[in-house]
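Report on the structure given below.
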Amino acid sequence: MLHISQLAHGRAREETVEMSRPISFLSDFGLGDEFVGVVHGVLAKLAPDSRIIDVTHGVERGEVRPGALALLRAIHYLPEGVALVVVDPGVGTDRRAIAARTEWGYFVGPDNGVMSPAVAMVGGAEVTVSIENPEVMIPSAGATFAGRDLFAPAAALLASGTDLADLGPVVDPDSILPLLLPLPEVEAGRVQGEAWWVDHFGNVQLNVSPEDLHTMGVSEGDEIGIIVGSQQHAARWLTTYGAVENGEALVYADSSGMIAVAVRGMRADRRFGIADGTSVTLVKD
Amino acid sequence: MLHISQLAHGRAREETVEMSRPISFLSDFGLGDEFVGVVHGVLAKLAPDSRIIDVTHGVERGEVRPGALALLRAIHYLPEGVALVVVDPGVGTDRRAIAARTEWGYFVGPDNGVMSPAVAMVGGAEVTVSIENPEVMIPSAGATFAGRDLFAPAAALLASGTDLADLGPVVDPDSILPLLLPLPEVEAGRVQGEAWWVDHFGNVQLNVSPEDLHTMGVSEGDEIGIIVGSQQHAARWLTTYGAVENGEALVYADSSGMIAVAVRGMRADRRFGIADGTSVTLVKD
Amino acid sequence: MLHISQLAHGRAREETVEMSRPISFLSDFGLGDEFVGVVHGVLAKLAPDSRIIDVTHGVERGEVRPGALALLRAIHYLPEGVALVVVDPGVGTDRRAIAARTEWGYFVGPDNGVMSPAVAMVGGAEVTVSIENPEVMIPSAGATFAGRDLFAPAAALLASGTDLADLGPVVDPDSILPLLLPLPEVEAGRVQGEAWWVDHFGNVQLNVSPEDLHTMGVSEGDEIGIIVGSQQHAARWLTTYGAVENGEALVYADSSGMIAVAVRGMRADRRFGIADGTSVTLVKD
C-alpha cells in the first residue's frame, strides 16, 4: 500500500496545471473539528494545483436528503471538475464508495443516494466504479476515516488526471442507490407538499414546482392559502419580496426554480412553525 | 442574455494570470447552506485565476452596520483587488446594485451603505456605476439570487479586467447611500457612547476614539468608570491585558484603534451586560 | 518599521512560485468575526502564491490542549510548509512568540505548548527563534492583534523563503513550553483515562492507546465495560461501527490510532454524559 507521500510524488506531481480540475467539496463534517482541514490537506498534497471550493460543510450530521438537495441546487454553478461529497451515515458498514464520470465531470462519494439527483441533473453517469483499489487509499493508524483515507485521495487523483478505472471495478448502473424524493399530491385547488429546505434566512423551499401550482389552478399574482397543521395563512404568489409589505407572506419561485414560502423581513419557518420535512399544503384562496 | 458558461468562455478565460485581481468576499450568508459555495463556484468559473478571501460570512442576517464595520476594520489588510459585499436586507426591492472604483480597487454590493465607510476609508469612489447590464448577469430559474446572479459575476468580471462601464451607467455620487454612524457625546469628565461590536472573545468595541477620552480629560493609565444601565464598574485605561489581573476590567485602544472594554480571562459583554447597540458611558473616576 | 505594503513589495513578491510553501492555519478565532479573513488578507499580501489551508478555527476560545491535539491529529495530512497556530490565551502578556524549523517545515505561534506535540511528532525542532524583530511586524493603530500583526507576517515570510534567523534570536530549546498531556492509569483489568476530544459526531477520543488495552488484558473482540461516574455501560472492542447494531456502543481504535468510544447512529457523548476532560474508566468485563 502506498503512503500518502508516495501517492503525491508518483502521481499528482507529474501532472501539469492544465490537467488539474477544481474540486467542489460538500460534507456534514461541520467546521468545529479539523476534519475539513485534514481533507483539504490530503487534496493539497495529492492535487497541489487544484482549486478547492467548499460547497458547504453544514449539512446536518448524516442527513442524506438535505445534502443531496444542496448539491443539486449548487451543481450548475460549480466549475466542471470533481465533486467530493461526504455525507455518509453508513460509514463503517458495507455501503460502497463510488466514483462516477458524467458530462460535468467526476462525482466521488458513498453509494447512498446523496449524489444521485445531481448526477441525474447533469445527464447521468457514463461509468461508475466502486472504489476498492487499496493502492489509491491512505492507510490509517486505526479505523478508516473515509473522507480522508478514501474519498479525498480518489477525488484528488481524478482531479489530477488518473483514470477512473484505476480506482476499482465498474459497477452495474442499476445497482447504484437512487434518492427517493417525495412527490407532492396535486389536485384541483390544492397541492399537498413538504418542506425540504429551511435556509439561513428562514425561507422554506417546498417539493412543489410552479407547474404544480398551475395544475392546481392558480397563476402568478393569485391569492394562495398556506396550511401548516390546523392553521391557514394568507399569501400571494409573487415574484419578489419587494411586492409585499414587511411582515407579509408570499409564495414564489425561488432562485432554484422551486416554490418557496417567505415572509418579508422575518423568518417564515418560525412564523408558520415549519421545519425540514413539515407537511405544507397550498390551497386556492 | 449570456449563459454563465459563455460568460466564462468568452471573457475571463482570455485574461492572463497577471490580470486576475484577488476577490475579498463578505456576506451574511452563514456557512450552513450552500450560498457561499455557490458564489465561490461562480467566481471560480468567471475568474478562474483569482484568489478568493472569505472576510467573514458571519454578519448577522441583514445587519448593515455590523457588516460595514467589519469591512472597515478589514480593508487595509486585504490585498488590493475587488471587495464583494453582500449584506442586503433590501434584496428584492428597488435598492440599486452598485460597483465603485477606488484607489484600493473595486467594491461591489448593494447601495445600502454597507460599503460606504470602507470606500471612504480608502479615499472615496472615483466612479460608481449601477449594475444594470443584463449581459453581465446570470439568468435564474426563478427569483434572482443577487449574490450569485448579479454581484458575483460583476466582481469576477472586474477581477478579470472588464471595464466598470460595461456593468451599467454611472451614477451621481451624491445619490449613493452613506452609512450614518452614531457619534459619541463628549464632555468634560464623560463620554456617552455605544457598543458597536462584540467580538468572538466578548471584547466590546465602542464608537469612541482615544481622542474622545483625551477630550473628556483622561490619559492612559488613569482610572475610568464604565457605566452600563444603572451600574458603574471600575477600570483603567491601559495598553494591554497583561497589565491587569485575571477578572479585572480594562479600557484600551484596540487593534483597530478604537476604544474597547475587556476583562482579562473573561467575556466583558457578559460581565457587564453589553450587546451590540448597548449604551456605554465612560466617566473620569 | 516597514508598512505591510513594503513588506509585500520588498520581499515576498521577489520569490518564485516554487519557493512559496503552503500555510496551514489553525486558530480559536471562530468564523463570526473578520479575524480569520484579515489574517488571510495579510498572508495573501505577503505570500501571494502560497496556498492556505484552514485546519480549523473552531478550537474553544483560549483552550490550548484541544488546539494542540487537533494540530497533532492533522499534521501528517497537511502539506509540508508552514503551520500557523494561534490559540493564545496569554496574548498581551509576556509569553513569547516563536517560530521553529522542523523536518516537516516551520511552526509559528505562541510559546504556550500548543505546537509542542505536533513539533515532537514530526521529529522535534531543529532551531527555534523568538519572533522579536520589529521589521517583520505590522504596526497597529492600537493594541497588537498578534495573529494579524506578528504571527501572520512571520508565517508568510517563512513561506516565501525568508530565513528563520531574520525573525529574531535563537532560543534555548529547554526554555520552550511543553504540553503536559495526562497519562492513563493502566493496571490489570482496568484503564483509568480521560476524554480529550468529543468530535462533531459525538464520538469520544480517550487518552488511551490500543497498547494500554492490551496491557490491561483485553484483545480486539472482547467485552469492555465503560465506567463514567457511577454508571457502567457494556461495549465491545471492535474495528468498525458496522459490527454493532444501531444504538449499541463500541470501543475502537479511531482514525488517529487512539482508543475512542462510539454508539452507532447516536452521539456517545450524550448517551454516556461525557465532555472534554471527563474521567472515563475501561474495565475487563
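Chain labels run A, B, ... following the order of the C-alpha cells; each chain numbers its residues from 1, and ligands are numbered from 1 in the order shown.
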Chain B contacts on chain C, only C-alpha atoms, 6 Å, as a ChimeraX atom specification: /C:32,34,37-38,41-42,45,92-93,141-145
DSSP says strand (DSSP E) for which residues of stretch 185-281 of chain C? Put them as a PyMOL selection string? chain C and resi 185-187+190-198+204-206+223-228+231-237+249-253+259-263+279-281
Which neighbours of stretch 83-85 of chain A fall inside 8 Å, counting only C-alpha atoms, when residues of the same chain fewer than 3 positions from it are skipped, and could you give them as a PyMOL selection string? chain A and resi 23-27+105-110+114-115+151-152+155
Dump as a PDB file, in the first residue's frame, selection limited to N, CA and C atoms:
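The new file again38.pdb reads:
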ATOM      1  N   ILE A  23     -11.957  21.013  -7.458  1.00  0.00           N
ATOM      2  CA  ILE A  23     -12.664  20.040  -6.626  1.00  0.00           C
ATOM      3  C   ILE A  23     -13.679  20.785  -5.769  1.00  0.00           C
ATOM      4  N   SER A  24     -14.948  20.420  -5.872  1.00  0.00           N
ATOM      5  CA  SER A  24     -16.007  21.023  -5.062  1.00  0.00           C
ATOM      6  C   SER A  24     -16.374  20.034  -3.968  1.00  0.00           C
ATOM      7  N   PHE A  25     -16.254  20.474  -2.727  1.00  0.00           N
ATOM      8  CA  PHE A  25     -16.294  19.579  -1.566  1.00  0.00           C
ATOM      9  C   PHE A  25     -17.496  19.921  -0.690  1.00  0.00           C
ATOM     10  N   LEU A  26     -18.354  18.964  -0.474  1.00  0.00           N
ATOM     11  CA  LEU A  26     -19.550  19.119   0.373  1.00  0.00           C
ATOM     12  C   LEU A  26     -19.558  18.009   1.405  1.00  0.00           C
ATOM     13  N   SER A  27     -19.849  18.352   2.663  1.00  0.00           N
ATOM     14  CA  SER A  27     -19.871  17.323   3.705  1.00  0.00           C
ATOM     15  C   SER A  27     -20.785  17.726   4.854  1.00  0.00           C
ATOM     16  N   GLY A 105     -18.277  16.186 -15.114  1.00  0.00           N
ATOM     17  CA  GLY A 105     -17.006  15.816 -14.502  1.00  0.00           C
ATOM     18  C   GLY A 105     -17.225  14.594 -13.630  1.00  0.00           C
ATOM     19  N   TYR A 106     -16.432  14.464 -12.563  1.00  0.00           N
ATOM     20  CA  TYR A 106     -16.496  13.277 -11.707  1.00  0.00           C
ATOM     21  C   TYR A 106     -17.245  13.554 -10.403  1.00  0.00           C
ATOM     22  N   PHE A 107     -17.917  12.541  -9.904  1.00  0.00           N
ATOM     23  CA  PHE A 107     -18.549  12.587  -8.582  1.00  0.00           C
ATOM     24  C   PHE A 107     -17.943  11.468  -7.740  1.00  0.00           C
ATOM     25  N   VAL A 108     -17.533  11.808  -6.527  1.00  0.00           N
ATOM     26  CA  VAL A 108     -16.913  10.833  -5.615  1.00  0.00           C
ATOM     27  C   VAL A 108     -17.637  10.893  -4.279  1.00  0.00           C
ATOM     28  N   GLY A 109     -18.115   9.742  -3.801  1.00  0.00           N
ATOM     29  CA  GLY A 109     -18.804   9.725  -2.505  1.00  0.00           C
ATOM     30  C   GLY A 109     -19.399   8.367  -2.213  1.00  0.00           C
ATOM     31  N   PRO A 110     -20.175   8.277  -1.131  1.00  0.00           N
ATOM     32  CA  PRO A 110     -20.790   6.998  -0.770  1.00  0.00           C
ATOM     33  C   PRO A 110     -21.974   6.673  -1.678  1.00  0.00           C
ATOM     34  N   VAL A 114     -26.783  10.225  -2.070  1.00  0.00           N
ATOM     35  CA  VAL A 114     -26.505  11.654  -1.848  1.00  0.00           C
ATOM     36  C   VAL A 114     -26.077  12.368  -3.133  1.00  0.00           C
ATOM     37  N   MET A 115     -25.471  11.630  -4.068  1.00  0.00           N
ATOM     38  CA  MET A 115     -25.025  12.252  -5.316  1.00  0.00           C
ATOM     39  C   MET A 115     -26.032  12.056  -6.449  1.00  0.00           C
ATOM     40  N   PHE A 151     -12.071   8.829   0.071  1.00  0.00           N
ATOM     41  CA  PHE A 151     -12.740   9.737  -0.861  1.00  0.00           C
ATOM     42  C   PHE A 151     -11.812  10.869  -1.318  1.00  0.00           C
ATOM     43  N   ALA A 152     -11.067  11.479  -0.385  1.00  0.00           N
ATOM     44  CA  ALA A 152     -10.190  12.588  -0.774  1.00  0.00           C
ATOM     45  C   ALA A 152      -9.107  12.132  -1.756  1.00  0.00           C
ATOM     46  N   ALA A 155     -10.749  11.635  -5.155  1.00  0.00           N
ATOM     47  CA  ALA A 155     -11.080  12.922  -5.791  1.00  0.00           C
ATOM     48  C   ALA A 155      -9.828  13.606  -6.315  1.00  0.00           C
TER      49      ALA A 155
END
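Closest approach to C:Thr162 among C:Ala234, C:Val136, C:Ala68, C:Leu206 is made by C:Val136 (distances from only C-alpha atoms).
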Quick one: distance from atom CA of C:Met137 to atom CA of C:Asp149 in Å, one decimal? 5.5 Å
Do you know which residues are at most 8 Å from stretch 171-182 of chain A counting only C-alpha atoms, after dropping those on the same chain fewer than 3 positions away, and could you put them as an NGL selection string? :A and (65 or 111-114 or 116-117 or 127-130 or 194 or 207)
Got time to write the residues from that selection, C-alpha atoms, as a PDB file, in the first residue's frame?
ATOM      1  CA  ARG A  65     -31.536  14.155   1.590  1.00  0.00           C
ATOM      2  CA  ASP A 111     -23.366   4.931  -2.650  1.00  0.00           C
ATOM      3  CA  ASN A 112     -26.283   6.130  -0.538  1.00  0.00           C
ATOM      4  CA  GLY A 113     -28.136   8.395  -2.961  1.00  0.00           C
ATOM      5  CA  VAL A 114     -26.505  11.654  -1.848  1.00  0.00           C
ATOM      6  CA  SER A 116     -27.828  10.724  -7.372  1.00  0.00           C
ATOM      7  CA  PRO A 117     -30.035  13.789  -8.006  1.00  0.00           C
ATOM      8  CA  VAL A 127     -19.463   4.965 -15.985  1.00  0.00           C
ATOM      9  CA  THR A 128     -19.435   4.297 -12.258  1.00  0.00           C
ATOM     10  CA  VAL A 129     -16.762   2.387 -10.366  1.00  0.00           C
ATOM     11  CA  SER A 130     -16.579   1.002  -6.870  1.00  0.00           C
ATOM     12  CA  GLU A 194     -43.477  19.101   2.120  1.00  0.00           C
ATOM     13  CA  ASN A 207     -41.074  19.977  -3.057  1.00  0.00           C
TER      14      ASN A 207
END
Just checking: using only C-alpha atoms, which residue out of A:Pro134, A:Arg21, A:Val218, A:Asp166 ends up closest to A:Trp104?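 Using only C-alpha atoms, A:Trp104 sits closest to A:Arg21.
Coordinates place atom CA of A:Ala159 at a distance of 10.0 Å from atom CA of A:Pro48.
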DSSP alpha helix (DSSP H) residues within stretch 1-231 of chain A, as a PDB file with N, CA and C atoms, in the first residue's frame:
ATOM      1  N   ILE A   4       0.852   8.182   1.638  1.00  0.00           N
ATOM      2  CA  ILE A   4       0.342   9.403   1.013  1.00  0.00           C
ATOM      3  C   ILE A   4       1.440  10.175   0.289  1.00  0.00           C
ATOM      4  N   SER A   5       2.652  10.186   0.859  1.00  0.00           N
ATOM      5  CA  SER A   5       3.718  10.972   0.229  1.00  0.00           C
ATOM      6  C   SER A   5       4.126  10.358  -1.109  1.00  0.00           C
ATOM      7  N   GLN A   6       4.053   9.027  -1.204  1.00  0.00           N
ATOM      8  CA  GLN A   6       4.380   8.384  -2.480  1.00  0.00           C
ATOM      9  C   GLN A   6       3.296   8.674  -3.515  1.00  0.00           C
ATOM     10  N   LEU A   7       2.054   8.611  -3.041  1.00  0.00           N
ATOM     11  CA  LEU A   7       0.957   8.953  -3.936  1.00  0.00           C
ATOM     12  C   LEU A   7       1.213  10.332  -4.540  1.00  0.00           C
ATOM     13  N   ALA A   8       1.557  11.267  -3.667  1.00  0.00           N
ATOM     14  CA  ALA A   8       1.744  12.639  -4.132  1.00  0.00           C
ATOM     15  C   ALA A   8       2.918  12.718  -5.094  1.00  0.00           C
ATOM     16  N   HIS A   9       4.004  12.051  -4.707  1.00  0.00           N
ATOM     17  CA  HIS A   9       5.206  12.170  -5.505  1.00  0.00           C
ATOM     18  C   HIS A   9       5.046  11.488  -6.853  1.00  0.00           C
ATOM     19  N   GLY A  10       4.483  10.307  -6.816  1.00  0.00           N
ATOM     20  CA  GLY A  10       4.463   9.477  -8.012  1.00  0.00           C
ATOM     21  C   GLY A  10       3.395   9.854  -9.011  1.00  0.00           C
ATOM     22  N   PHE A  35     -11.627  18.042  10.680  1.00  0.00           N
ATOM     23  CA  PHE A  35     -11.955  17.110   9.594  1.00  0.00           C
ATOM     24  C   PHE A  35     -11.828  17.756   8.210  1.00  0.00           C
ATOM     25  N   VAL A  36     -12.473  18.907   8.040  1.00  0.00           N
ATOM     26  CA  VAL A  36     -12.434  19.573   6.735  1.00  0.00           C
ATOM     27  C   VAL A  36     -10.996  19.973   6.395  1.00  0.00           C
ATOM     28  N   GLY A  37     -10.267  20.469   7.380  1.00  0.00           N
ATOM     29  CA  GLY A  37      -8.883  20.879   7.154  1.00  0.00           C
ATOM     30  C   GLY A  37      -8.000  19.714   6.748  1.00  0.00           C
ATOM     31  N   VAL A  38      -8.209  18.567   7.361  1.00  0.00           N
ATOM     32  CA  VAL A  38      -7.408  17.387   7.035  1.00  0.00           C
ATOM     33  C   VAL A  38      -7.699  16.929   5.599  1.00  0.00           C
ATOM     34  N   VAL A  39      -8.966  16.964   5.202  1.00  0.00           N
ATOM     35  CA  VAL A  39      -9.289  16.605   3.817  1.00  0.00           C
ATOM     36  C   VAL A  39      -8.647  17.610   2.854  1.00  0.00           C
ATOM     37  N   HIS A  40      -8.706  18.895   3.186  1.00  0.00           N
ATOM     38  CA  HIS A  40      -8.007  19.882   2.355  1.00  0.00           C
ATOM     39  C   HIS A  40      -6.513  19.574   2.288  1.00  0.00           C
ATOM     40  N   GLY A  41      -5.938  19.142   3.400  1.00  0.00           N
ATOM     41  CA  GLY A  41      -4.516  18.801   3.403  1.00  0.00           C
ATOM     42  C   GLY A  41      -4.217  17.667   2.440  1.00  0.00           C
ATOM     43  N   VAL A  42      -5.025  16.629   2.484  1.00  0.00           N
ATOM     44  CA  VAL A  42      -4.815  15.491   1.581  1.00  0.00           C
ATOM     45  C   VAL A  42      -4.975  15.937   0.125  1.00  0.00           C
ATOM     46  N   LEU A  43      -5.994  16.739  -0.149  1.00  0.00           N
ATOM     47  CA  LEU A  43      -6.192  17.235  -1.522  1.00  0.00           C
ATOM     48  C   LEU A  43      -5.005  18.087  -1.956  1.00  0.00           C
ATOM     49  N   ALA A  44      -4.497  18.920  -1.054  1.00  0.00           N
ATOM     50  CA  ALA A  44      -3.364  19.785  -1.403  1.00  0.00           C
ATOM     51  C   ALA A  44      -2.109  18.975  -1.676  1.00  0.00           C
ATOM     52  N   LYS A  45      -1.953  17.869  -0.956  1.00  0.00           N
ATOM     53  CA  LYS A  45      -0.781  17.017  -1.188  1.00  0.00           C
ATOM     54  C   LYS A  45      -0.875  16.288  -2.527  1.00  0.00           C
ATOM     55  N   LEU A  46      -2.066  15.774  -2.823  1.00  0.00           N
ATOM     56  CA  LEU A  46      -2.217  14.905  -3.992  1.00  0.00           C
ATOM     57  C   LEU A  46      -2.614  15.658  -5.254  1.00  0.00           C
ATOM     58  N   VAL A  64     -28.832  12.508   4.498  1.00  0.00           N
ATOM     59  CA  VAL A  64     -28.534  12.335   3.081  1.00  0.00           C
ATOM     60  C   VAL A  64     -29.383  13.264   2.211  1.00  0.00           C
ATOM     61  N   ARG A  65     -30.682  13.359   2.470  1.00  0.00           N
ATOM     62  CA  ARG A  65     -31.536  14.155   1.590  1.00  0.00           C
ATOM     63  C   ARG A  65     -31.151  15.634   1.568  1.00  0.00           C
ATOM     64  N   PRO A  66     -30.980  16.290   2.725  1.00  0.00           N
ATOM     65  CA  PRO A  66     -30.555  17.695   2.654  1.00  0.00           C
ATOM     66  C   PRO A  66     -29.218  17.874   1.936  1.00  0.00           C
ATOM     67  N   GLY A  67     -28.300  16.926   2.126  1.00  0.00           N
ATOM     68  CA  GLY A  67     -27.021  17.016   1.425  1.00  0.00           C
ATOM     69  C   GLY A  67     -27.205  16.883  -0.070  1.00  0.00           C
ATOM     70  N   ALA A  68     -28.043  15.943  -0.472  1.00  0.00           N
ATOM     71  CA  ALA A  68     -28.305  15.723  -1.901  1.00  0.00           C
ATOM     72  C   ALA A  68     -28.953  16.958  -2.527  1.00  0.00           C
ATOM     73  N   LEU A  69     -29.885  17.570  -1.796  1.00  0.00           N
ATOM     74  CA  LEU A  69     -30.571  18.747  -2.349  1.00  0.00           C
ATOM     75  C   LEU A  69     -29.635  19.946  -2.447  1.00  0.00           C
ATOM     76  N   ALA A  70     -28.760  20.113  -1.470  1.00  0.00           N
ATOM     77  CA  ALA A  70     -27.793  21.220  -1.528  1.00  0.00           C
ATOM     78  C   ALA A  70     -26.885  21.048  -2.755  1.00  0.00           C
ATOM     79  N   LEU A  71     -26.414  19.830  -2.982  1.00  0.00           N
ATOM     80  CA  LEU A  71     -25.556  19.567  -4.144  1.00  0.00           C
ATOM     81  C   LEU A  71     -26.333  19.802  -5.444  1.00  0.00           C
ATOM     82  N   LEU A  72     -27.575  19.360  -5.464  1.00  0.00           N
ATOM     83  CA  LEU A  72     -28.419  19.531  -6.652  1.00  0.00           C
ATOM     84  C   LEU A  72     -28.606  21.017  -6.987  1.00  0.00           C
ATOM     85  N   ARG A  73     -28.874  21.820  -5.960  1.00  0.00           N
ATOM     86  CA  ARG A  73     -29.069  23.256  -6.200  1.00  0.00           C
ATOM     87  C   ARG A  73     -27.786  23.930  -6.670  1.00  0.00           C
ATOM     88  N   ALA A  74     -26.641  23.391  -6.213  1.00  0.00           N
ATOM     89  CA  ALA A  74     -25.357  24.052  -6.478  1.00  0.00           C
ATOM     90  C   ALA A  74     -24.716  23.642  -7.799  1.00  0.00           C
ATOM     91  N   SER A 116     -26.972  11.151  -6.265  1.00  0.00           N
ATOM     92  CA  SER A 116     -27.828  10.724  -7.372  1.00  0.00           C
ATOM     93  C   SER A 116     -28.608  11.848  -8.046  1.00  0.00           C
ATOM     94  N   PRO A 117     -29.287  12.740  -7.301  1.00  0.00           N
ATOM     95  CA  PRO A 117     -30.035  13.789  -8.006  1.00  0.00           C
ATOM     96  C   PRO A 117     -29.125  14.711  -8.825  1.00  0.00           C
ATOM     97  N   ALA A 118     -27.958  15.064  -8.291  1.00  0.00           N
ATOM     98  CA  ALA A 118     -27.061  15.950  -9.041  1.00  0.00           C
ATOM     99  C   ALA A 118     -26.494  15.237 -10.266  1.00  0.00           C
ATOM    100  N   VAL A 119     -26.156  13.970 -10.113  1.00  0.00           N
ATOM    101  CA  VAL A 119     -25.658  13.194 -11.261  1.00  0.00           C
ATOM    102  C   VAL A 119     -26.733  13.136 -12.350  1.00  0.00           C
ATOM    103  N   ALA A 120     -27.985  12.889 -11.933  1.00  0.00           N
ATOM    104  CA  ALA A 120     -29.072  12.852 -12.915  1.00  0.00           C
ATOM    105  C   ALA A 120     -29.227  14.211 -13.590  1.00  0.00           C
ATOM    106  N   MET A 121     -29.123  15.283 -12.797  1.00  0.00           N
ATOM    107  CA  MET A 121     -29.300  16.641 -13.322  1.00  0.00           C
ATOM    108  C   MET A 121     -28.294  16.983 -14.418  1.00  0.00           C
ATOM    109  N   ALA A 146     -13.058   7.674   6.169  1.00  0.00           N
ATOM    110  CA  ALA A 146     -13.258   7.508   4.728  1.00  0.00           C
ATOM    111  C   ALA A 146     -13.050   8.815   3.965  1.00  0.00           C
ATOM    112  N   ALA A 152     -11.067  11.479  -0.385  1.00  0.00           N
ATOM    113  CA  ALA A 152     -10.190  12.588  -0.774  1.00  0.00           C
ATOM    114  C   ALA A 152      -9.107  12.132  -1.756  1.00  0.00           C
ATOM    115  N   PRO A 153      -8.400  11.016  -1.490  1.00  0.00           N
ATOM    116  CA  PRO A 153      -7.415  10.581  -2.487  1.00  0.00           C
ATOM    117  C   PRO A 153      -8.056  10.294  -3.845  1.00  0.00           C
ATOM    118  N   ALA A 154      -9.229   9.653  -3.851  1.00  0.00           N
ATOM    119  CA  ALA A 154      -9.888   9.362  -5.131  1.00  0.00           C
ATOM    120  C   ALA A 154     -10.197  10.656  -5.875  1.00  0.00           C
ATOM    121  N   ALA A 155     -10.749  11.635  -5.155  1.00  0.00           N
ATOM    122  CA  ALA A 155     -11.080  12.922  -5.791  1.00  0.00           C
ATOM    123  C   ALA A 155      -9.828  13.606  -6.315  1.00  0.00           C
ATOM    124  N   ALA A 156      -8.770  13.595  -5.504  1.00  0.00           N
ATOM    125  CA  ALA A 156      -7.537  14.273  -5.909  1.00  0.00           C
ATOM    126  C   ALA A 156      -6.915  13.599  -7.125  1.00  0.00           C
ATOM    127  N   LEU A 157      -6.938  12.275  -7.148  1.00  0.00           N
ATOM    128  CA  LEU A 157      -6.348  11.569  -8.289  1.00  0.00           C
ATOM    129  C   LEU A 157      -7.147  11.842  -9.565  1.00  0.00           C
ATOM    130  N   LEU A 158      -8.476  11.835  -9.461  1.00  0.00           N
ATOM    131  CA  LEU A 158      -9.290  12.158 -10.644  1.00  0.00           C
ATOM    132  C   LEU A 158      -9.044  13.602 -11.083  1.00  0.00           C
ATOM    133  N   ALA A 159      -8.905  14.489 -10.130  1.00  0.00           N
ATOM    134  CA  ALA A 159      -8.629  15.892 -10.470  1.00  0.00           C
ATOM    135  C   ALA A 159      -7.294  16.034 -11.185  1.00  0.00           C
ATOM    136  N   PRO A 210     -43.524  25.385  -9.871  1.00  0.00           N
ATOM    137  CA  PRO A 210     -44.526  26.316 -10.420  1.00  0.00           C
ATOM    138  C   PRO A 210     -45.572  25.576 -11.261  1.00  0.00           C
ATOM    139  N   GLU A 211     -45.168  24.523 -11.969  1.00  0.00           N
ATOM    140  CA  GLU A 211     -46.115  23.764 -12.784  1.00  0.00           C
ATOM    141  C   GLU A 211     -47.192  23.129 -11.895  1.00  0.00           C
ATOM    142  N   ASP A 212     -46.799  22.641 -10.725  1.00  0.00           N
ATOM    143  CA  ASP A 212     -47.781  22.066  -9.793  1.00  0.00           C
ATOM    144  C   ASP A 212     -48.845  23.109  -9.426  1.00  0.00           C
ATOM    145  N   LEU A 213     -48.414  24.343  -9.206  1.00  0.00           N
ATOM    146  CA  LEU A 213     -49.379  25.397  -8.863  1.00  0.00           C
ATOM    147  C   LEU A 213     -50.298  25.683 -10.048  1.00  0.00           C
ATOM    148  N   HIS A 214     -49.730  25.716 -11.233  1.00  0.00           N
ATOM    149  CA  HIS A 214     -50.577  25.910 -12.423  1.00  0.00           C
ATOM    150  C   HIS A 214     -51.604  24.790 -12.524  1.00  0.00           C
ATOM    151  N   THR A 215     -51.165  23.552 -12.267  1.00  0.00           N
ATOM    152  CA  THR A 215     -52.072  22.405 -12.351  1.00  0.00           C
ATOM    153  C   THR A 215     -53.213  22.519 -11.337  1.00  0.00           C
ATOM    154  N   MET A 216     -52.909  23.027 -10.151  1.00  0.00           N
ATOM    155  CA  MET A 216     -53.981  23.167  -9.151  1.00  0.00           C
ATOM    156  C   MET A 216     -54.914  24.327  -9.488  1.00  0.00           C
TER     157      MET A 216
END
What does the distance from atom CA of A:Asp276 to atom CA of A:Asn203 come to in Å, to one decimal?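 These two atoms are separated by 11.1 Å.
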